[in-house]
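File shown here: upload-v1.cif, holding mmCIF, C-alpha atoms and all ligand atoms.
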data_data
loop_
_atom_site.label_atom_id
_atom_site.label_comp_id
_atom_site.auth_asym_id
_atom_site.auth_seq_id
_atom_site.Cartn_x
_atom_site.Cartn_y
_atom_site.Cartn_z
CA MET A 116 12.49 -11.51 128.98
CA SER A 117 8.94 -12.70 129.51
CA LYS A 118 6.17 -11.75 127.07
CA ARG A 119 3.73 -9.06 128.10
CA ASP A 120 0.15 -9.93 128.79
CA TYR A 121 -2.09 -9.38 125.74
CA TYR A 122 -4.76 -7.58 127.72
CA GLU A 123 -2.13 -5.29 129.18
CA ILE A 124 -0.74 -4.57 125.71
CA LEU A 125 -4.17 -3.58 124.42
CA GLU A 126 -4.92 -1.64 127.61
CA VAL A 127 -8.21 -3.41 128.22
CA SER A 128 -9.60 -5.48 131.09
CA ARG A 129 -9.86 -9.27 130.92
CA THR A 130 -13.61 -8.94 130.58
CA ALA A 131 -13.44 -6.44 127.70
CA SER A 132 -15.97 -6.89 124.91
CA ASP A 133 -14.92 -7.60 121.31
CA GLN A 134 -15.80 -4.00 120.48
CA GLU A 135 -13.63 -2.61 123.26
CA ILE A 136 -10.73 -4.76 122.13
CA LYS A 137 -11.17 -3.67 118.55
CA SER A 138 -11.38 0.04 119.28
CA SER A 139 -8.45 -0.05 121.69
CA TYR A 140 -6.36 -1.88 119.10
CA ARG A 141 -7.35 0.57 116.45
CA LYS A 142 -6.23 3.44 118.65
CA LEU A 143 -2.88 1.83 119.39
CA ALA A 144 -2.31 0.78 115.80
CA LEU A 145 -2.83 4.34 114.65
CA LYS A 146 -0.56 5.72 117.34
CA TYR A 147 2.33 3.34 116.67
CA HIS A 148 1.89 2.91 112.96
CA PRO A 149 5.33 2.88 111.24
CA ASP A 150 4.22 5.49 108.72
CA ARG A 151 3.72 7.92 111.57
CA ASN A 152 6.84 6.90 113.46
CA GLN A 153 9.49 6.74 110.74
CA GLY A 154 12.56 4.88 111.96
CA ASP A 155 11.29 4.57 115.52
CA LYS A 156 12.15 1.00 116.48
CA LYS A 157 10.26 1.18 119.75
CA ALA A 158 7.05 2.25 118.03
CA GLU A 159 7.44 -0.56 115.52
CA GLU A 160 7.78 -3.04 118.38
CA ARG A 161 4.67 -1.68 120.07
CA PHE A 162 2.83 -1.86 116.77
CA LYS A 163 3.76 -5.51 116.22
CA GLU A 164 2.99 -6.37 119.82
CA ALA A 165 -0.48 -4.82 119.54
CA ALA A 166 -1.14 -6.62 116.26
CA GLU A 167 -0.19 -9.94 117.85
CA ALA A 168 -2.36 -9.32 120.90
CA TYR A 169 -5.27 -8.33 118.72
CA ALA A 170 -4.86 -11.38 116.47
CA ILE A 171 -5.32 -13.59 119.53
CA LEU A 172 -7.94 -11.67 121.53
CA SER A 173 -10.17 -10.93 118.53
CA ASP A 174 -10.46 -14.65 117.84
CA GLY A 175 -12.91 -16.34 120.23
CA ASP A 176 -11.14 -19.74 120.28
CA LYS A 177 -7.67 -18.30 120.65
CA ARG A 178 -8.83 -15.93 123.35
CA THR A 179 -10.33 -18.83 125.37
CA ARG A 180 -7.11 -20.81 125.05
CA TYR A 181 -5.05 -17.78 126.01
CA ASP A 182 -7.26 -17.15 129.04
CA ARG A 183 -6.74 -20.74 130.23
CA PHE A 184 -3.14 -21.46 129.29
CA GLY A 185 -1.51 -18.09 128.71
CA HIS A 186 1.00 -17.59 125.89
CA ALA A 187 1.72 -21.32 125.78
CA GLY A 188 -1.89 -21.97 124.79
CA VAL A 189 -1.67 -19.94 121.61
CA GLY A 190 1.88 -20.72 120.49
CA GLY A 191 2.92 -17.20 121.32
CA ALA A 192 6.39 -18.44 122.28
CA GLN A 193 7.18 -19.12 118.63
CA GLY A 194 6.77 -15.49 117.76
CA PHE A 195 4.28 -13.80 115.56
CA ASP A 196 4.52 -12.69 111.97
CA PRO A 197 2.32 -9.64 111.42
CA SER A 198 2.67 -9.94 107.64
CA GLN A 199 0.48 -13.03 107.90
CA PHE A 200 -2.07 -11.19 109.92
CA THR A 201 -5.16 -10.21 107.99
CA GLY A 202 -6.89 -8.02 110.56
CA PHE A 203 -5.62 -4.72 109.21
CA GLU A 204 -8.16 -4.06 106.55
CA ASP A 205 -10.97 -4.61 109.01
CA ILE A 206 -9.44 -2.25 111.46
CA PHE A 207 -8.56 0.49 109.03
CA SER A 208 -11.52 0.33 106.72
CA GLY A 209 -13.51 3.51 106.96
CA LEU A 210 -10.55 5.61 108.00
CA GLY A 211 -10.00 7.06 104.58
CA ASP A 212 -6.66 7.22 102.92
CA ILE A 213 -4.62 7.87 106.04
CA PHE A 214 -1.97 5.35 105.09
CA GLY A 215 -2.80 4.95 101.48
CA PHE A 216 -4.39 1.59 102.08
CA GLY A 217 -7.03 2.26 104.69
CA GLY A 218 -9.45 3.70 102.20
CA ALA A 219 -8.94 0.98 99.64
CA ARG A 220 -12.32 0.69 98.06
CA ARG A 221 -13.76 -2.75 97.63
CA ALA A 222 -15.10 -3.68 94.25
CA GLY A 223 -18.86 -3.69 94.20
CA PRO A 224 -21.90 -1.52 94.77
CA GLN A 225 -21.49 1.75 96.66
CA ARG A 226 -24.22 3.69 98.41
CA GLY A 227 -24.95 7.10 96.89
CA ALA A 228 -24.03 10.30 98.70
CA ASP A 229 -26.48 12.15 100.97
CA LEU A 230 -27.75 15.52 99.79
CA ARG A 231 -28.76 18.64 101.68
CA TYR A 232 -31.36 21.17 100.68
CA ASP A 233 -31.93 24.39 102.62
CA LEU A 234 -35.61 25.33 102.60
CA GLU A 235 -36.93 28.66 103.81
CA ILE A 236 -40.57 28.73 104.87
CA LYS A 237 -42.93 31.35 106.27
CA PHE A 238 -43.76 31.46 109.95
CA GLU A 239 -47.39 30.59 109.20
CA GLN A 240 -46.23 27.50 107.29
CA SER A 241 -44.21 26.34 110.27
CA ALA A 242 -47.23 26.92 112.53
CA ARG A 243 -49.71 25.01 110.41
CA GLY A 244 -47.51 22.60 108.48
CA VAL A 245 -47.25 22.71 104.73
CA GLU A 246 -46.75 20.52 101.72
CA THR A 247 -44.38 22.11 99.26
CA SER A 248 -42.33 21.06 96.29
CA ILE A 249 -38.62 21.53 95.87
CA GLN A 250 -36.28 21.04 92.95
CA ILE A 251 -32.95 19.38 93.50
CA PRO A 252 -30.16 18.62 91.08
CA ARG A 253 -28.99 15.07 91.70
CA HIS A 254 -27.35 12.13 89.99
CA GLU A 255 -29.79 9.41 89.09
CA ALA A 256 -29.10 5.98 87.70
CA CYS A 257 -28.86 6.15 83.89
CA ASP A 258 -31.95 4.69 82.26
CA THR A 259 -30.14 3.63 79.11
CA CYS A 260 -27.59 1.35 80.80
CA LYS A 261 -29.49 0.78 84.06
CA GLY A 262 -26.64 2.36 86.00
CA ILE A 263 -24.00 -0.09 84.75
CA GLY A 264 -22.22 2.38 82.45
CA ALA A 265 -21.74 -0.06 79.56
CA ALA A 266 -23.38 0.48 76.18
CA PRO A 267 -26.61 -1.50 75.80
CA GLY A 268 -25.85 -5.05 74.69
CA THR A 269 -22.35 -5.00 76.17
CA SER A 270 -21.22 -5.63 79.71
CA PRO A 271 -18.20 -4.59 81.75
CA SER A 272 -15.29 -7.03 81.87
CA PRO A 273 -13.02 -7.79 84.83
CA CYS A 274 -10.19 -5.30 85.23
CA PRO A 275 -6.94 -6.83 83.89
CA GLN A 276 -4.80 -4.81 86.29
CA CYS A 277 -6.33 -6.11 89.52
CA ARG A 278 -8.04 -9.21 88.11
CA GLY A 279 -11.41 -7.91 89.19
CA THR A 280 -10.64 -7.39 92.88
CA GLY A 281 -10.47 -3.61 92.69
CA GLN A 282 -7.32 -3.68 94.82
CA LEU A 283 -3.61 -4.11 94.26
CA ARG A 284 -1.73 -5.84 97.06
CA TYR A 285 1.92 -5.66 97.81
CA GLN A 286 4.36 -6.06 100.63
CA GLN A 287 5.33 -2.96 102.55
CA GLY A 288 7.73 -3.59 105.38
CA PHE A 289 6.30 -6.40 107.44
CA PHE A 290 2.71 -6.48 106.25
CA THR A 291 0.69 -6.53 103.09
CA VAL A 292 -1.02 -3.36 101.97
CA ALA A 293 -3.87 -3.08 99.53
CA ARG A 294 -4.30 -0.03 97.35
CA THR A 295 -7.30 0.88 95.25
CA CYS A 296 -6.63 -0.16 91.68
CA GLY A 297 -5.92 2.90 89.55
CA GLN A 298 -7.21 1.46 86.30
CA CYS A 299 -10.73 0.57 87.48
CA ARG A 300 -10.73 2.92 90.52
CA GLY A 301 -11.70 0.02 92.75
CA ALA A 302 -14.67 -1.12 90.76
CA GLY A 303 -12.92 -4.31 89.62
CA LYS A 304 -14.46 -3.90 86.22
CA VAL A 305 -13.61 -1.94 83.11
CA ILE A 306 -16.00 -0.82 80.43
CA ALA A 307 -14.80 -1.36 76.87
CA LYS A 308 -17.76 0.36 75.22
CA PRO A 309 -19.27 3.05 77.48
CA CYS A 310 -22.94 3.93 77.45
CA GLN A 311 -23.37 7.06 75.34
CA ALA A 312 -26.11 8.57 77.47
CA CYS A 313 -24.00 8.77 80.65
CA ARG A 314 -20.52 8.45 79.09
CA GLY A 315 -19.94 5.34 81.16
CA ALA A 316 -20.62 6.98 84.52
CA GLY A 317 -23.82 5.00 85.11
CA THR A 318 -25.49 8.14 86.48
CA ILE A 319 -26.88 11.31 84.95
CA GLU A 320 -27.43 14.65 86.66
CA GLN A 321 -31.06 15.61 86.64
CA MET A 322 -33.33 18.22 88.14
CA ARG A 323 -35.83 16.35 90.24
CA LYS A 324 -39.02 17.83 91.67
CA LEU A 325 -39.97 16.40 95.04
CA THR A 326 -42.89 16.98 97.36
CA VAL A 327 -41.93 17.66 100.95
CA LYS A 328 -44.43 17.43 103.77
CA ILE A 329 -43.44 19.76 106.56
CA PRO A 330 -45.04 18.99 109.92
CA ALA A 331 -46.66 21.78 111.94
CA GLY A 332 -44.40 23.10 114.68
CA ILE A 333 -41.12 22.72 112.81
CA ALA A 334 -38.42 25.18 113.86
CA THR A 335 -35.34 26.68 112.27
CA GLY A 336 -32.47 24.21 112.15
CA GLN A 337 -34.61 21.10 112.21
CA ARG A 338 -34.22 18.75 109.28
CA LEU A 339 -36.34 16.25 107.45
CA ARG A 340 -34.83 13.07 106.08
CA LEU A 341 -36.15 11.82 102.76
CA ALA A 342 -34.81 8.29 102.62
CA GLY A 343 -33.45 7.21 99.25
CA GLU A 344 -33.80 10.65 97.64
CA GLY A 345 -30.07 11.45 97.61
CA GLU A 346 -27.52 10.65 94.91
CA ALA A 347 -27.80 7.35 93.07
CA GLY A 348 -25.50 4.55 94.22
CA THR A 349 -22.92 3.10 91.87
CA LEU A 350 -22.98 -0.42 90.41
CA GLY A 351 -26.46 -0.96 91.72
CA GLY A 352 -25.73 0.32 95.25
CA PRO A 353 -28.60 1.99 97.14
CA PRO A 354 -29.14 5.75 96.81
CA GLY A 355 -28.22 8.15 99.59
CA ASP A 356 -30.72 10.21 101.58
CA LEU A 357 -31.85 13.80 101.15
CA TYR A 358 -31.86 16.07 104.18
CA VAL A 359 -34.10 19.13 104.00
CA VAL A 360 -32.89 21.71 106.51
CA ILE A 361 -35.60 24.16 107.56
CA PHE A 362 -35.25 27.90 108.03
CA VAL A 363 -38.32 29.69 109.33
CA ARG A 364 -38.66 33.39 108.48
CA GLU A 365 -39.25 35.71 111.41
CA HIS A 366 -42.74 36.95 112.12
CA GLU A 367 -43.44 40.62 112.70
CA PHE A 368 -45.83 40.02 115.58
CA PHE A 369 -44.85 36.70 117.18
CA GLN A 370 -41.50 35.65 118.57
CA ARG A 371 -41.01 31.95 119.12
CA ASP A 372 -39.31 30.55 122.22
CA GLY A 373 -39.38 26.75 122.18
CA ASN A 374 -43.06 26.03 121.59
CA ASP A 375 -44.16 29.23 123.31
CA LEU A 376 -45.08 32.36 121.38
CA HIS A 377 -44.59 35.86 122.65
CA CYS A 378 -46.28 39.00 121.44
CA THR A 379 -46.68 42.57 122.60
CA VAL A 380 -50.05 44.33 122.30
CA PRO A 381 -50.22 48.12 122.52
CA LEU A 382 -53.36 49.27 124.40
CA ALA A 383 -54.79 52.62 125.32
CA PHE A 384 -53.99 53.35 128.97
CA THR A 385 -57.72 53.68 129.63
CA THR A 386 -58.24 50.04 128.69
CA LEU A 387 -55.55 49.03 131.17
CA ALA A 388 -57.04 51.26 133.82
CA LEU A 389 -60.70 50.33 133.36
CA GLY A 390 -60.22 46.71 132.28
CA GLY A 391 -61.92 45.01 129.38
CA GLU A 392 -61.63 42.30 126.81
CA ILE A 393 -59.23 42.43 123.91
CA THR A 394 -58.71 40.18 120.92
CA VAL A 395 -55.28 39.11 119.77
CA PRO A 396 -54.41 37.07 116.71
CA GLY A 397 -53.51 33.46 117.37
CA ILE A 398 -52.05 30.82 115.09
CA ASP A 399 -55.39 29.07 114.54
CA ALA A 400 -57.99 31.60 115.62
CA GLU A 401 -58.24 34.95 117.37
CA GLN A 402 -57.87 34.77 121.13
CA THR A 403 -59.68 36.77 123.76
CA VAL A 404 -57.72 38.13 126.68
CA LYS A 405 -59.48 39.54 129.76
CA ILE A 406 -57.73 42.64 131.03
CA PRO A 407 -58.50 43.21 134.71
CA GLU A 408 -58.97 46.67 136.11
CA SER A 409 -55.76 48.57 136.93
CA THR A 410 -53.47 46.43 134.83
CA GLN A 411 -49.95 47.86 134.66
CA THR A 412 -48.13 48.30 131.40
CA GLY A 413 -45.71 45.39 130.77
CA THR A 414 -48.03 42.77 132.33
CA THR A 415 -47.91 39.38 130.57
CA PHE A 416 -50.92 37.09 130.21
CA ARG A 417 -50.35 33.41 129.51
CA LEU A 418 -52.84 31.59 127.26
CA ARG A 419 -52.16 27.91 127.85
CA GLY A 420 -52.00 25.66 124.81
CA LYS A 421 -52.40 28.54 122.35
CA GLY A 422 -48.77 28.60 121.22
CA MET A 423 -46.95 26.58 118.58
CA PRO A 424 -47.89 22.95 118.03
CA ASP A 425 -45.15 20.55 119.10
CA VAL A 426 -43.47 19.15 116.01
CA SER A 427 -43.90 15.60 117.30
CA GLY A 428 -47.64 16.18 117.61
CA ARG A 429 -47.66 16.28 121.39
CA GLY A 430 -49.72 19.30 122.33
CA HIS A 431 -49.03 23.00 122.00
CA GLY A 432 -46.91 25.61 123.75
CA ASP A 433 -48.42 28.73 125.33
CA LEU A 434 -49.18 32.16 123.94
CA LEU A 435 -47.76 34.96 126.08
CA VAL A 436 -49.36 38.33 125.56
CA THR A 437 -47.63 41.38 127.00
CA VAL A 438 -49.66 44.59 127.15
CA GLN A 439 -48.12 47.98 126.63
CA ALA A 440 -49.73 51.32 127.40
CA MET A 441 -49.99 53.62 124.44
CA THR A 442 -50.17 57.38 124.31
CA PRO A 443 -52.20 58.89 121.46
CA LYS A 444 -50.24 61.05 119.08
CA LYS A 445 -53.06 63.61 118.61
CA LEU A 446 -55.80 64.76 120.97
CA THR A 447 -59.04 66.52 120.10
CA LYS A 448 -60.04 69.53 122.13
CA GLU A 449 -62.71 67.41 123.80
CA GLN A 450 -60.28 64.64 124.74
CA LYS A 451 -57.79 67.14 126.08
CA LYS A 452 -60.45 68.69 128.28
CA LEU A 453 -61.52 65.29 129.65
CA LEU A 454 -57.92 64.36 130.38
CA GLU A 455 -57.30 67.62 132.15
CA GLN A 456 -60.32 66.95 134.34
CA LEU A 457 -58.99 63.49 135.07
CA ALA A 458 -55.49 64.78 135.71
CA ALA A 459 -56.81 67.17 138.32
CA THR A 460 -58.04 64.17 140.34
CA LEU A 461 -54.81 62.13 140.06
CA PRO A 462 -51.55 62.57 141.96
CA GLU A 463 -49.13 64.66 139.84
CA GLN A 464 -46.33 62.10 139.43
CA ALA A 465 -48.52 59.26 138.15
CA VAL A 466 -50.36 61.19 135.48
CA THR A 467 -50.11 59.82 131.94
CA PRO A 468 -52.26 61.76 129.51
CA SER A 469 -53.67 59.21 127.09
CA ALA A 470 -56.93 58.17 125.55
CA ARG A 471 -58.29 55.24 123.66
CA ASP A 472 -57.45 55.56 120.01
CA GLU A 473 -59.67 53.20 118.09
CA ASP A 474 -58.02 53.82 114.75
CA GLU A 475 -54.55 53.03 116.02
CA ASP A 476 -55.79 49.77 117.57
CA ARG A 477 -57.54 48.62 114.47
CA GLY A 478 -54.48 49.50 112.44
CA ILE A 479 -52.26 47.04 114.31
CA PHE A 480 -54.79 44.21 114.54
CA GLY A 481 -55.83 44.74 110.99
CA LYS A 482 -52.23 44.35 109.92
CA VAL A 483 -51.79 41.08 111.81
CA LYS A 484 -55.09 39.76 110.53
CA ASP A 485 -53.87 40.46 107.01
CA ILE A 486 -50.77 38.38 107.63
CA PHE A 487 -52.81 35.40 108.79
CA GLY A 488 -55.45 35.74 106.16
ZN ZN A 501 -25.72 4.99 80.92
ZN ZN A 502 -8.65 -2.82 88.61
#

Let me see the structure of the file written as structure tokens.
Amino acid sequence: MSKRDYYEILEVSRTASDQEIKSSYRKLALKYHPDRNQGDKKAEERFKEAAEAYAILSDGDKRTRYDRFGHAGVGGAQGFDPSQFTGFEDIFSGLGDIFGFGGARRAGPQRGADLRYDLEIKFEQSARGVETSIQIPRHEACDTCKGIGAAPGTSPSPCPQCRGTGQLRYQQGFFTVARTCGQCRGAGKVIAKPCQACRGAGTIEQMRKLTVKIPAGIATGQRLRLAGEGEAGTLGGPPGDLYVVIFVREHEFFQRDGNDLHCTVPLAFTTLALGGEITVPGIDAEQTVKIPESTQTGTTFRLRGKGMPDVSGRGHGDLLVTVQAMTPKKLTKEQKKLLEQLAATLPEQAVTPSARDEDEDRGIFGKVKDIFG
């Protein structure tokens, strides 16, 4: 039986990039891995076949020879021994402990974990930007031992179990697996005399106060990355990052839609009928809106560029003001008389008894002004 083409085995084209070859192999290796296909001879064959193809095609020289001379060019006729193949760790690193060896941790520095902090801010703070301080509990490198974990004046020694490699290797079936060393947990080093301050961990949990600068225009769900403010790394590895996730409290007057702001302004029906100028609160300053004569309730006026600032600093959204006709709750005798005179001149169906109520108006604007200081 003739050998199958390596490209065919890996299900890639002859012009596939190294990355395509690698990811296709990874997919096949996972699918046909013996641990997932216990006792399935066919799967084992496919697994070996893929490993052989990858060993050749992932090597620039061998791939060139294979392209020119076929299997004869790479000695494929003599068979292939996957146990001699060292590509597995590369392929499986980062997969976690799927097969017990994939996640084998290398000895050496590890980057610290990322942290998340949920920060609630006021609407006004999101509109104008704010600098605020937060407190986060995090692990920081121990000052006493400089993050090494050994008592001052002593230093860690190579792990006797794994001879400092952090991994234990042994044969499993037809290839070598590496497991994280249990004694040193992959660090490759053991500490005879631990630092007292951190009990050998190399890190200490501390409350850290940080200043966060929140840009104007930030919206709920957006996050800020504070590089290097996460957990400390181990064995001198770099720290992780801190992500501050923003939640903006709702505003009682404005509703945000993208960078646009919507608000509803109650007005006496006489203002809508006669027209006039009204003032509405804005995020920076009060805005004037011209109400034309005979404006219907529910009409929306768009004030360009008076909405939320874009978080990237590129301009502003719009402010959309919707007017709503208001009926006064109480009428004086005088007002009632005037309205009755007016009503007599209007068609019956369209009559809405109402009058301008200065106090009510001021009440609502006064309230919003209070909010914005
Ligand atoms: Zn320490
Ligand atoms: Zn060890």

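With all atoms listed in the file counted, the chains near ligand ZN 501 (chain A) contribute these residues within 7 Å: Cys257, Asp258, Thr259, Cys260, Lys261, Gly262, Ile263, Gly264, Ala265, Ala266, Cys310, Gln311, Ala312, Cys313, Arg314, Gly315, Ala316, Gly317 and Thr318 of chain A.
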
Neighbourhood of ligand ZN 502 (chain A) at 8 Å, counting all atoms listed in the file, reported as a PyMOL selection string: chain A and resi 273-283+295-305

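Here CA of Ala256 (chain A) stands at a distance of 14.5 Å from CA of Pro309 (chain A).
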
Computed interatomic separation between CA of Tyr358 (chain A) and CA of Asp372 (chain A) (Å): 24.3 Å

Cut-off 12 Å around (-48.9, 51.3, 128.0) with only C-alpha atoms: residues as a PyMOL selection string: chain A and resi 379-388+409-414+437-443+467-471

Neighbour list for region 124-135 of chain A as a VMD selection string, cut-off 12 Å, only C-alpha atoms, skip fewer than 2 positions in-chain: chain A and resid 118 to 122 137 to 144 160 to 175 178 to 179 181 to 183 206
